[in-house]
$ cat structure00.pdb   # PDB, C-alpha atoms
ATOM      1  CA  MET D   1      20.148 -29.300  27.747
ATOM      2  CA  ILE D   2      20.914 -25.604  27.203
ATOM      3  CA  ILE D   3      21.969 -24.750  23.666
ATOM      4  CA  ASN D   4      24.796 -22.272  23.237
ATOM      5  CA  PRO D   5      23.244 -18.957  22.026
ATOM      6  CA  TYR D   6      25.758 -18.651  19.175
ATOM      7  CA  THR D   7      24.974 -22.183  18.006
ATOM      8  CA  LEU D   8      21.289 -21.351  18.084
ATOM      9  CA  ILE D   9      21.894 -18.160  16.104
ATOM     10  CA  PHE D  10      23.809 -20.100  13.451
ATOM     11  CA  LEU D  11      21.177 -22.833  13.133
ATOM     12  CA  LEU D  12      18.250 -20.441  12.955
ATOM     13  CA  SER D  13      20.085 -18.161  10.526
ATOM     14  CA  PHE D  14      20.696 -21.138   8.249
ATOM     15  CA  ILE D  15      17.036 -22.165   8.459
ATOM     16  CA  PHE D  16      15.885 -18.694   7.420
ATOM     17  CA  PHE D  17      18.467 -18.623   4.634
ATOM     18  CA  VAL D  18      17.106 -21.925   3.285
ATOM     19  CA  LEU D  19      13.567 -20.570   3.607
ATOM     20  CA  GLY D  20      14.685 -17.634   1.479
ATOM     21  CA  LEU D  21      16.123 -19.989  -1.147
ATOM     22  CA  ILE D  22      12.776 -21.790  -1.366
ATOM     23  CA  ILE D  23      10.810 -18.540  -1.647
ATOM     24  CA  GLY D  24      13.339 -17.301  -4.208
ATOM     25  CA  SER D  25      12.652 -20.371  -6.338
ATOM     26  CA  PHE D  26       8.964 -19.454  -6.366
ATOM     27  CA  LEU D  27       9.810 -15.822  -7.183
ATOM     28  CA  ASN D  28      11.706 -17.089 -10.235
ATOM     29  CA  VAL D  29       8.491 -18.705 -11.447
ATOM     30  CA  VAL D  30       6.615 -15.425 -10.935
ATOM     31  CA  ILE D  31       9.276 -13.379 -12.764
ATOM     32  CA  CYS D  32       9.499 -15.743 -15.731
ATOM     33  CA  ARG D  33       5.772 -16.422 -16.153
ATOM     34  CA  MET D  34       4.332 -12.983 -15.374
ATOM     35  CA  ASN D  35       2.387 -11.492 -18.305
ATOM     36  CA  THR D  36       2.683 -14.729 -20.271
ATOM     37  CA  ARG D  37       0.086 -17.363 -21.016
ATOM     38  CA  ARG D  38       1.715 -19.746 -18.561
ATOM     39  CA  SER D  39       0.121 -20.147 -15.137
ATOM     40  CA  LEU D  40       2.068 -20.157 -11.903
ATOM     41  CA  GLY D  41       1.094 -23.792 -11.382
ATOM     42  CA  GLY D  42       2.354 -26.817 -13.241
ATOM     43  CA  ARG D  43       5.769 -28.451 -13.420
ATOM     44  CA  SER D  44       8.819 -26.450 -14.392
ATOM     45  CA  ALA D  45      10.512 -27.255 -17.670
ATOM     46  CA  CYS D  46      13.622 -26.317 -19.633
ATOM     47  CA  MET D  47      12.966 -23.141 -21.620
ATOM     48  CA  SER D  48      14.770 -24.614 -24.659
ATOM     49  CA  CYS D  49      13.728 -28.276 -24.962
ATOM     50  CA  GLN D  50      10.659 -28.257 -22.656
ATOM     51  CA  TYR D  51      12.110 -31.188 -20.695
ATOM     52  CA  LYS D  52      10.098 -31.605 -17.478
ATOM     53  CA  LEU D  53      12.416 -31.140 -14.524
ATOM     54  CA  CYS D  54      12.656 -33.787 -11.804
ATOM     55  CA  TRP D  55      12.489 -32.929  -8.119
ATOM     56  CA  TYR D  56      16.264 -33.163  -7.682
ATOM     57  CA  GLU D  57      16.697 -30.642 -10.514
ATOM     58  CA  LEU D  58      14.542 -28.124  -8.658
ATOM     59  CA  ILE D  59      16.525 -27.826  -5.423
ATOM     60  CA  PRO D  60      17.100 -24.063  -5.071
ATOM     61  CA  LEU D  61      20.658 -22.967  -5.893
ATOM     62  CA  PHE D  62      22.208 -26.406  -5.370
ATOM     63  CA  SER D  63      20.653 -27.966  -8.496
ATOM     64  CA  PHE D  64      22.150 -25.167 -10.606
ATOM     65  CA  LEU D  65      25.590 -25.825  -9.109
ATOM     66  CA  ILE D  66      25.343 -29.615  -9.462
ATOM     67  CA  LEU D  67      24.167 -29.356 -13.076
ATOM     68  CA  ARG D  68      26.919 -26.782 -13.726
ATOM     69  CA  GLY D  69      24.406 -24.323 -15.086
ATOM     70  CA  ARG D  70      23.169 -26.500 -17.947
ATOM     71  CA  CYS D  71      20.010 -28.436 -18.732
ATOM     72  CA  ARG D  72      20.572 -32.150 -18.048
ATOM     73  CA  ASN D  73      18.680 -33.073 -21.238
ATOM     74  CA  CYS D  74      19.764 -30.619 -23.962
ATOM     75  CA  LYS D  75      22.843 -29.083 -22.268
ATOM     76  CA  THR D  76      21.578 -25.548 -22.917
ATOM     77  CA  ARG D  77      22.901 -22.962 -20.475
ATOM     78  CA  ILE D  78      20.494 -22.094 -17.669
ATOM     79  CA  SER D  79      20.026 -18.372 -17.072
ATOM     80  CA  LEU D  80      22.009 -16.958 -14.156
ATOM     81  CA  LEU D  81      18.783 -15.201 -13.190
ATOM     82  CA  TYR D  82      17.604 -18.305 -11.320
ATOM     83  CA  PRO D  83      20.471 -18.770  -8.837
ATOM     84  CA  ILE D  84      20.910 -15.023  -8.387
ATOM     85  CA  VAL D  85      17.245 -14.538  -7.423
ATOM     86  CA  GLU D  86      17.353 -17.532  -5.077
ATOM     87  CA  PHE D  87      20.612 -16.493  -3.412
ATOM     88  CA  THR D  88      19.503 -12.862  -3.100
ATOM     89  CA  THR D  89      16.243 -13.902  -1.448
ATOM     90  CA  GLY D  90      18.117 -16.236   0.884
ATOM     91  CA  ILE D  91      20.493 -13.480   1.980
ATOM     92  CA  ILE D  92      17.626 -11.038   2.567
ATOM     93  CA  PHE D  93      15.674 -13.555   4.653
ATOM     94  CA  PHE D  94      18.852 -14.240   6.628
ATOM     95  CA  LEU D  95      19.447 -10.509   7.230
ATOM     96  CA  LEU D  96      15.822  -9.975   8.244
ATOM     97  CA  PHE D  97      16.182 -12.687  10.846
ATOM     98  CA  LEU D  98      19.332 -11.099  12.263
ATOM     99  CA  LYS D  99      17.741  -7.645  12.296
ATOM    100  CA  PHE D 100      14.485  -8.562  14.014
ATOM    101  CA  SER D 101      15.668 -11.315  16.325
ATOM    102  CA  ALA D 102      18.427  -9.252  17.954
ATOM    103  CA  ILE D 103      18.111  -8.946  21.724
ATOM    104  CA  GLY D 104      16.359  -5.697  22.438
ATOM    105  CA  GLY D 105      15.501  -5.298  18.753
ATOM    106  CA  PRO D 106      12.104  -4.150  17.461
ATOM    107  CA  ALA D 107      10.664  -7.656  17.324
ATOM    108  CA  SER D 108      12.231  -9.125  20.435
ATOM    109  CA  GLY D 109      10.500  -6.829  22.898
ATOM    110  CA  GLY D 110      13.755  -6.766  24.828
ATOM    111  CA  GLN D 111      13.435 -10.447  25.737
ATOM    112  CA  ASP D 112      16.269 -12.971  25.710
ATOM    113  CA  LEU D 113      17.234 -15.306  22.887
ATOM    114  CA  TYR D 114      14.738 -18.080  23.633
ATOM    115  CA  PHE D 115      11.713 -15.805  23.186
ATOM    116  CA  TRP D 116      12.407 -14.970  19.577
ATOM    117  CA  PHE D 117       9.499 -16.879  18.116
ATOM    118  CA  ASN D 118       6.688 -14.894  19.645
ATOM    119  CA  THR D 119       3.725 -13.501  17.741
ATOM    120  CA  ARG D 120       5.332 -10.079  17.424
ATOM    121  CA  PHE D 121       8.473 -11.458  15.797
ATOM    122  CA  LEU D 122       6.532 -13.655  13.371
ATOM    123  CA  PHE D 123       4.223 -10.793  12.351
ATOM    124  CA  ILE D 124       7.051  -8.328  11.748
ATOM    125  CA  TYR D 125       9.225 -10.872   9.962
ATOM    126  CA  ALA D 126       6.388 -12.057   7.704
ATOM    127  CA  TYR D 127       5.507  -8.470   6.730
ATOM    128  CA  TYR D 128       9.036  -7.482   5.736
ATOM    129  CA  ALA D 129       9.682 -10.834   4.050
ATOM    130  CA  VAL D 130       6.660 -10.228   1.821
ATOM    131  CA  MET D 131       7.692  -6.632   1.110
ATOM    132  CA  PHE D 132      11.228  -7.538   0.079
ATOM    133  CA  SER D 133       9.949 -10.478  -1.970
ATOM    134  CA  ILE D 134       7.818  -8.028  -3.961
ATOM    135  CA  LEU D 135      10.840  -5.771  -4.438
ATOM    136  CA  ILE D 136      12.915  -8.703  -5.700
ATOM    137  CA  VAL D 137      10.286  -9.485  -8.338
ATOM    138  CA  ILE D 138      10.176  -5.822  -9.359
ATOM    139  CA  VAL D 139      13.975  -5.581  -9.650
ATOM    140  CA  PHE D 140      14.553  -8.652 -11.775
ATOM    141  CA  TYR D 141      11.476  -8.106 -13.928
ATOM    142  CA  ASP D 142      12.712  -4.560 -14.599
ATOM    143  CA  LEU D 143      16.184  -5.865 -15.463
ATOM    144  CA  LYS D 144      14.688  -8.416 -17.831
ATOM    145  CA  HIS D 145      11.987  -6.320 -19.520
ATOM    146  CA  LYS D 146      12.859  -2.705 -18.568
ATOM    147  CA  ILE D 147       9.415  -2.166 -17.090
ATOM    148  CA  ILE D 148       8.060  -2.186 -13.552
ATOM    149  CA  PRO D 149       4.848  -4.261 -13.299
ATOM    150  CA  ASN D 150       1.983  -2.058 -12.098
ATOM    151  CA  SER D 151       0.356  -4.865 -10.119
ATOM    152  CA  PHE D 152       3.415  -5.311  -7.920
ATOM    153  CA  SER D 153       3.987  -1.582  -7.461
ATOM    154  CA  LEU D 154       0.337  -1.243  -6.424
ATOM    155  CA  ALA D 155       0.559  -4.176  -4.006
ATOM    156  CA  PHE D 156       3.774  -2.828  -2.514
ATOM    157  CA  GLY D 157       2.312   0.667  -2.145
ATOM    158  CA  ILE D 158      -0.853  -0.571  -0.429
ATOM    159  CA  LEU D 159       1.083  -2.781   2.007
ATOM    160  CA  ALA D 160       3.575   0.022   2.696
ATOM    161  CA  PHE D 161       0.744   2.430   3.509
ATOM    162  CA  LEU D 162      -0.892  -0.120   5.808
ATOM    163  CA  GLY D 163       2.475  -0.619   7.461
ATOM    164  CA  LEU D 164       2.386   2.999   8.622
ATOM    165  CA  PHE D 165      -0.170   1.958  11.233
ATOM    166  CA  PHE D 166       2.028  -0.812  12.647
ATOM    167  CA  PHE D 167       5.694   0.050  12.126
ATOM    168  CA  HIS D 168       5.953   3.853  12.208
ATOM    169  CA  THR D 169       5.210   6.643  14.623
ATOM    170  CA  LEU D 170       2.016   8.074  13.180
ATOM    171  CA  SER D 171       2.350  11.706  12.141
ATOM    172  CA  VAL D 172       1.381  13.944   9.267
ATOM    173  CA  TRP D 173       4.914  13.715   7.868
ATOM    174  CA  GLU D 174       4.837   9.914   7.850
ATOM    175  CA  PHE D 175       1.522   9.932   5.971
ATOM    176  CA  LEU D 176       2.964  12.396   3.455
ATOM    177  CA  SER D 177       6.358  10.666   3.150
ATOM    178  CA  GLY D 178       5.433   8.644   0.079
ATOM    179  CA  ILE D 179       3.920  11.610  -1.745
ATOM    180  CA  LEU D 180       6.779  13.972  -0.857
ATOM    181  CA  ILE D 181       9.443  11.554  -2.049
ATOM    182  CA  ALA D 182       7.560  10.480  -5.183
ATOM    183  CA  THR D 183       6.628  14.011  -6.368
ATOM    184  CA  PRO D 184      10.067  14.849  -7.907
ATOM    185  CA  PHE D 185      10.001  11.557  -9.827
ATOM    186  CA  TYR D 186       6.532  12.330 -11.137
ATOM    187  CA  LEU D 187       7.670  15.807 -12.218
ATOM    188  CA  PHE D 188      10.720  14.329 -13.981
ATOM    189  CA  TRP D 189       8.395  11.991 -15.881
ATOM    190  CA  LEU D 190       5.876  14.734 -16.644
ATOM    191  CA  LEU D 191       8.349  17.396 -17.816
ATOM    192  CA  SER D 192      10.429  15.002 -19.905
ATOM    193  CA  ARG D 193       7.438  13.062 -21.219
ATOM    194  CA  GLY D 194       9.054   9.867 -19.995
ATOM    195  CA  LYS D 195      12.559  10.518 -21.373
ATOM    196  CA  TRP D 196      14.278  11.200 -18.039
ATOM    197  CA  MET D 197      12.278   8.933 -15.799
ATOM    198  CA  GLY D 198       9.546   6.353 -16.226
ATOM    199  CA  LEU D 199       6.199   6.664 -14.470
ATOM    200  CA  GLY D 200       6.774   3.201 -13.027
ATOM    201  CA  ASP D 201       9.683   4.576 -10.984
ATOM    202  CA  ALA D 202       7.436   7.253  -9.480
ATOM    203  CA  LYS D 203       4.845   4.626  -8.534
ATOM    204  CA  LEU D 204       7.515   2.481  -6.883
ATOM    205  CA  VAL D 205       9.005   5.416  -4.979
ATOM    206  CA  LEU D 206       5.574   6.275  -3.600
ATOM    207  CA  GLY D 207       5.528   2.924  -1.818
ATOM    208  CA  LEU D 208       9.201   3.177  -0.807
ATOM    209  CA  GLY D 209       8.495   6.497   0.899
ATOM    210  CA  TRP D 210       5.771   4.960   3.055
ATOM    211  CA  PHE D 211       7.859   1.843   3.601
ATOM    212  CA  LEU D 212      10.941   3.674   4.882
ATOM    213  CA  GLY D 213       9.659   7.012   6.146
ATOM    214  CA  LEU D 214      11.052  10.440   5.250
ATOM    215  CA  SER D 215      14.608  10.189   6.567
ATOM    216  CA  LEU D 216      15.427   6.693   5.334
ATOM    217  CA  GLY D 217      13.373   7.282   2.185
ATOM    218  CA  PHE D 218      15.346  10.341   1.079
ATOM    219  CA  SER D 219      18.563   8.553   2.047
ATOM    220  CA  ALA D 220      17.642   5.575  -0.150
ATOM    221  CA  ILE D 221      16.870   7.832  -3.126
ATOM    222  CA  VAL D 222      20.171   9.707  -2.806
ATOM    223  CA  LEU D 223      22.099   6.430  -2.601
ATOM    224  CA  ALA D 224      20.198   5.108  -5.617
ATOM    225  CA  PHE D 225      21.247   8.136  -7.705
ATOM    226  CA  TRP D 226      24.847   7.917  -6.494
ATOM    227  CA  ILE D 227      25.137   4.207  -7.250
ATOM    228  CA  GLY D 228      23.273   4.576 -10.540
ATOM    229  CA  SER D 229      25.575   7.401 -11.634
ATOM    230  CA  VAL D 230      28.723   5.420 -10.844
ATOM    231  CA  VAL D 231      27.456   2.315 -12.644
ATOM    232  CA  GLY D 232      26.132   4.322 -15.604
ATOM    233  CA  ILE D 233      29.384   6.243 -16.128
ATOM    234  CA  SER D 234      31.384   3.022 -15.790
ATOM    235  CA  LEU D 235      29.253   1.318 -18.442
ATOM    236  CA  VAL D 236      29.777   4.234 -20.844
ATOM    237  CA  PHE D 237      33.538   3.637 -20.731
ATOM    238  CA  LEU D 238      33.577  -0.147 -20.375
ATOM    239  CA  LYS D 239      30.638  -1.468 -22.390
ATOM    240  CA  LYS D 240      30.752  -1.260 -26.158
ATOM    241  CA  GLY D 241      27.688   0.360 -27.713
ATOM    242  CA  TYR D 242      26.589   1.842 -24.406
ATOM    243  CA  GLY D 243      26.040   5.620 -24.409
ATOM    244  CA  MET D 244      24.656   8.444 -22.305
ATOM    245  CA  LYS D 245      21.249   8.007 -23.942
ATOM    246  CA  SER D 246      21.035   4.276 -23.252
ATOM    247  CA  GLU D 247      17.992   3.154 -21.294
ATOM    248  CA  ILE D 248      18.818   2.232 -17.682
ATOM    249  CA  PRO D 249      16.427   0.273 -15.450
ATOM    250  CA  PHE D 250      16.356   2.381 -12.280
ATOM    251  CA  ALA D 251      14.357   0.067 -10.012
ATOM    252  CA  PRO D 252      17.452  -2.041  -9.105
ATOM    253  CA  TYR D 253      19.228   1.059  -7.781
ATOM    254  CA  LEU D 254      16.153   2.201  -5.858
ATOM    255  CA  VAL D 255      15.825  -1.203  -4.210
ATOM    256  CA  LEU D 256      19.559  -1.454  -3.517
ATOM    257  CA  GLY D 257      19.444   1.954  -1.832
ATOM    258  CA  THR D 258      16.410   0.774   0.131
ATOM    259  CA  MET D 259      18.214  -2.355   1.314
ATOM    260  CA  LEU D 260      21.307  -0.417   2.397
ATOM    261  CA  VAL D 261      19.453   2.168   4.481
ATOM    262  CA  PHE D 262      17.032  -0.406   5.901
ATOM    263  CA  PHE D 263      19.551  -2.975   7.080
ATOM    264  CA  LEU D 264      22.235  -0.474   8.087
ATOM    265  CA  ASP D 265      19.738   2.059   9.503
ATOM    266  CA  LEU D 266      21.574   4.623   7.415
ATOM    267  CA  HIS D 267      20.212   8.158   7.856
ATOM    268  CA  LEU D 268      21.935  10.588   5.469
ATOM    269  CA  PHE D 269      19.418  13.232   6.506
ATOM    270  CA  ILE D 270      17.942  14.011   9.895
ATOM    271  CA  ILE D 271      14.264  14.770   9.260
TER     272      ILE D 271
END
$ encode --input "structure00.pdb" --output "structure tokens"
Amino acid sequence: MIINPYTLIFLLSFIFFVLGLIIGSFLNVVICRMNTRRSLGGRSACMSCQYKLCWYELIPLFSFLILRGRCRNCKTRISLLYPIVEFTTGIIFFLLFLKFSAIGGPASGGQDLYFWFNTRFLFIYAYYAVMFSILIVIVFYDLKHKIIPNSFSLAFGILAFLGLFFFHTLSVWEFLSGILIATPFYLFWLLSRGKWMGLGDAKLVLGLGWFLGLSLGFSAIVLAFWIGSVVGISLVFLKKGYGMKSEIPFAPYLVLGTMLVFFLDLHLFII
């Protein structure tokens, strides 16, 4: 029996979305337990009453909706961080599948729909799934604690540099892309002594430059500043107690800019 290509696309897209939800649930554990005394292993529990969660209370996204966002034992509100991380990861995994499984796309080798799951596709998909998973941890940890964890920036930077040998056309400019894009951020941090920009942002941008290349990298940075400016100005007028000197986590804007240029192949500059 021959399956309709559109039916196959829908089914596989849903499978990768669910895979993203599952990975997102694990990323929640990493975000919440990083730099604490709690290990990544062990059963999850309510942060308020320490009630050990049952398996049906740990179904990504759906458990939150069924429980209406409250602990079943103590009725304390569950942080929106959990479903947002899970849903975000699911959407990214879904978009990665669509991007790399397209006929004639970079992972398909120009083959038809039924040759998606070849070694090339799996390798490319796994690499970018890991990279965006790291970025998700960085974003939500920065939102929660206003700091970018060095270990994840280092891991992302190393993997991005290694990716130059597999996913980019090797050239001097590609090797220098991370340094060229990160240098202004480092200078902002150095000249302002950390008041304008944190050193963590410069470390993250180093990896983003290698990850995206010069053209997409500069495009992502410009978008990040544009989006950050709009959101920052809006908060000044709409949020009480928020001023021009308020501390703004910049990693979310950098990653949002990265996602936009990556998935839309958006080149604001031709380099």
$ resolve_selection --input "structure00.pdb" --expression "the PyMOL selection byres ((chain D and resi 261) around 9)" --output "NGL selection string"
:D and (212 or 216-217 or 219-220 or 223 or 256-260 or 262-268)
$ write_last_selection --input "structure00.pdb" --atoms "C-alpha atoms" --output "PDB file, keeping the file's coordinate frame"
ATOM      1  CA  LEU D 212      10.941   3.674   4.882  1.00  0.00           C
ATOM      2  CA  LEU D 216      15.427   6.693   5.334  1.00  0.00           C
ATOM      3  CA  GLY D 217      13.373   7.282   2.185  1.00  0.00           C
ATOM      4  CA  SER D 219      18.563   8.553   2.047  1.00  0.00           C
ATOM      5  CA  ALA D 220      17.642   5.575  -0.150  1.00  0.00           C
ATOM      6  CA  LEU D 223      22.099   6.430  -2.601  1.00  0.00           C
ATOM      7  CA  LEU D 256      19.559  -1.454  -3.517  1.00  0.00           C
ATOM      8  CA  GLY D 257      19.444   1.954  -1.832  1.00  0.00           C
ATOM      9  CA  THR D 258      16.410   0.774   0.131  1.00  0.00           C
ATOM     10  CA  MET D 259      18.214  -2.355   1.314  1.00  0.00           C
ATOM     11  CA  LEU D 260      21.307  -0.417   2.397  1.00  0.00           C
ATOM     12  CA  PHE D 262      17.032  -0.406   5.901  1.00  0.00           C
ATOM     13  CA  PHE D 263      19.551  -2.975   7.080  1.00  0.00           C
ATOM     14  CA  LEU D 264      22.235  -0.474   8.087  1.00  0.00           C
ATOM     15  CA  ASP D 265      19.738   2.059   9.503  1.00  0.00           C
ATOM     16  CA  LEU D 266      21.574   4.623   7.415  1.00  0.00           C
ATOM     17  CA  HIS D 267      20.212   8.158   7.856  1.00  0.00           C
ATOM     18  CA  LEU D 268      21.935  10.588   5.469  1.00  0.00           C
TER      19      LEU D 268
END
$ atom_distance --input "structure00.pdb" --atom1 "atom CA of D:Phe17" --atom2 "atom CA of D:Phe94"
4.8 Å
$ closest_residue --input "structure00.pdb" --among "D:Ile227, D:Ile158, D:Leu164, D:Leu208" --to "D:Leu180" --atoms "all atoms listed in the file"
D:Leu208
$ atom_distance --input "structure00.pdb" --atom1 "atom CA of D:Phe132" --atom2 "atom CA of D:Leu96"
9.7 Å
$ resolve_selection --input "structure00.pdb" --expression "the PyMOL selection byres ((chain D and resi 21) around 7)" --output "PyMOL selection string"
chain D and resi 17-20+22-25+60+86-87+89-90
$ decode --input "structure00.pdb" --residues "stretch 169-227 of chain D" --atoms "C-alpha atoms" --output "mmCIF file, in the first residue's frame"
data_model
loop_
_atom_site.group_PDB
_atom_site.id
_atom_site.type_symbol
_atom_site.label_atom_id
_atom_site.label_comp_id
_atom_site.auth_asym_id
_atom_site.auth_seq_id
_atom_site.Cartn_x
_atom_site.Cartn_y
_atom_site.Cartn_z
ATOM 1 C CA THR D 169 31.878 25.745 2.883
ATOM 2 C CA LEU D 170 35.314 25.900 4.463
ATOM 3 C CA SER D 171 36.993 29.275 4.046
ATOM 4 C CA VAL D 172 38.979 31.738 6.094
ATOM 5 C CA TRP D 173 35.869 33.878 6.578
ATOM 6 C CA GLU D 174 33.867 30.950 7.948
ATOM 7 C CA PHE D 175 36.631 30.155 10.448
ATOM 8 C CA LEU D 176 36.722 33.810 11.507
ATOM 9 C CA SER D 177 32.928 34.271 11.563
ATOM 10 C CA GLY D 178 32.560 33.592 15.274
ATOM 11 C CA ILE D 179 35.414 35.897 16.250
ATOM 12 C CA LEU D 180 34.313 38.708 13.921
ATOM 13 C CA ILE D 181 30.744 38.669 15.199
ATOM 14 C CA ALA D 182 31.693 38.274 18.868
ATOM 15 C CA THR D 183 34.377 41.018 18.927
ATOM 16 C CA PRO D 184 31.924 43.987 19.185
ATOM 17 C CA PHE D 185 30.161 42.265 22.093
ATOM 18 C CA TYR D 186 33.472 41.727 23.851
ATOM 19 C CA LEU D 187 34.391 45.394 23.330
ATOM 20 C CA PHE D 188 31.002 46.502 24.700
ATOM 21 C CA TRP D 189 31.654 44.402 27.805
ATOM 22 C CA LEU D 190 35.246 45.594 28.146
ATOM 23 C CA LEU D 191 34.602 49.326 27.667
ATOM 24 C CA SER D 192 31.522 49.405 29.890
ATOM 25 C CA ARG D 193 32.958 47.033 32.488
ATOM 26 C CA GLY D 194 29.883 44.860 32.109
ATOM 27 C CA LYS D 195 27.275 47.649 32.273
ATOM 28 C CA TRP D 196 26.254 47.581 28.600
ATOM 29 C CA MET D 197 26.733 43.924 27.859
ATOM 30 C CA GLY D 198 27.617 40.811 29.816
ATOM 31 C CA LEU D 199 30.621 38.671 28.936
ATOM 32 C CA GLY D 200 28.278 35.693 28.707
ATOM 33 C CA ASP D 201 26.615 37.284 25.668
ATOM 34 C CA ALA D 202 29.979 37.589 23.916
ATOM 35 C CA LYS D 203 30.739 33.923 24.615
ATOM 36 C CA LEU D 204 27.357 32.880 23.225
ATOM 37 C CA VAL D 205 27.731 35.029 20.110
ATOM 38 C CA LEU D 206 31.098 33.426 19.398
ATOM 39 C CA GLY D 207 29.341 30.088 18.974
ATOM 40 C CA LEU D 208 26.412 31.635 17.077
ATOM 41 C CA GLY D 209 28.835 33.094 14.540
ATOM 42 C CA TRP D 210 30.318 29.677 13.795
ATOM 43 C CA PHE D 211 26.880 28.082 13.887
ATOM 44 C CA LEU D 212 25.308 30.429 11.335
ATOM 45 C CA GLY D 213 28.218 31.811 9.333
ATOM 46 C CA LEU D 214 28.898 35.484 8.599
ATOM 47 C CA SER D 215 25.797 36.459 6.630
ATOM 48 C CA LEU D 216 23.192 34.718 8.773
ATOM 49 C CA GLY D 217 25.188 35.514 11.913
ATOM 50 C CA PHE D 218 25.179 39.278 11.358
ATOM 51 C CA SER D 219 21.521 39.066 10.327
ATOM 52 C CA ALA D 220 20.643 37.286 13.583
ATOM 53 C CA ILE D 221 22.472 39.902 15.670
ATOM 54 C CA VAL D 222 20.726 42.800 13.917
ATOM 55 C CA LEU D 223 17.330 41.152 14.413
ATOM 56 C CA ALA D 224 18.161 40.508 18.067
ATOM 57 C CA PHE D 225 18.895 44.218 18.635
ATOM 58 C CA TRP D 226 15.773 45.285 16.740
ATOM 59 C CA ILE D 227 13.502 42.920 18.655
#
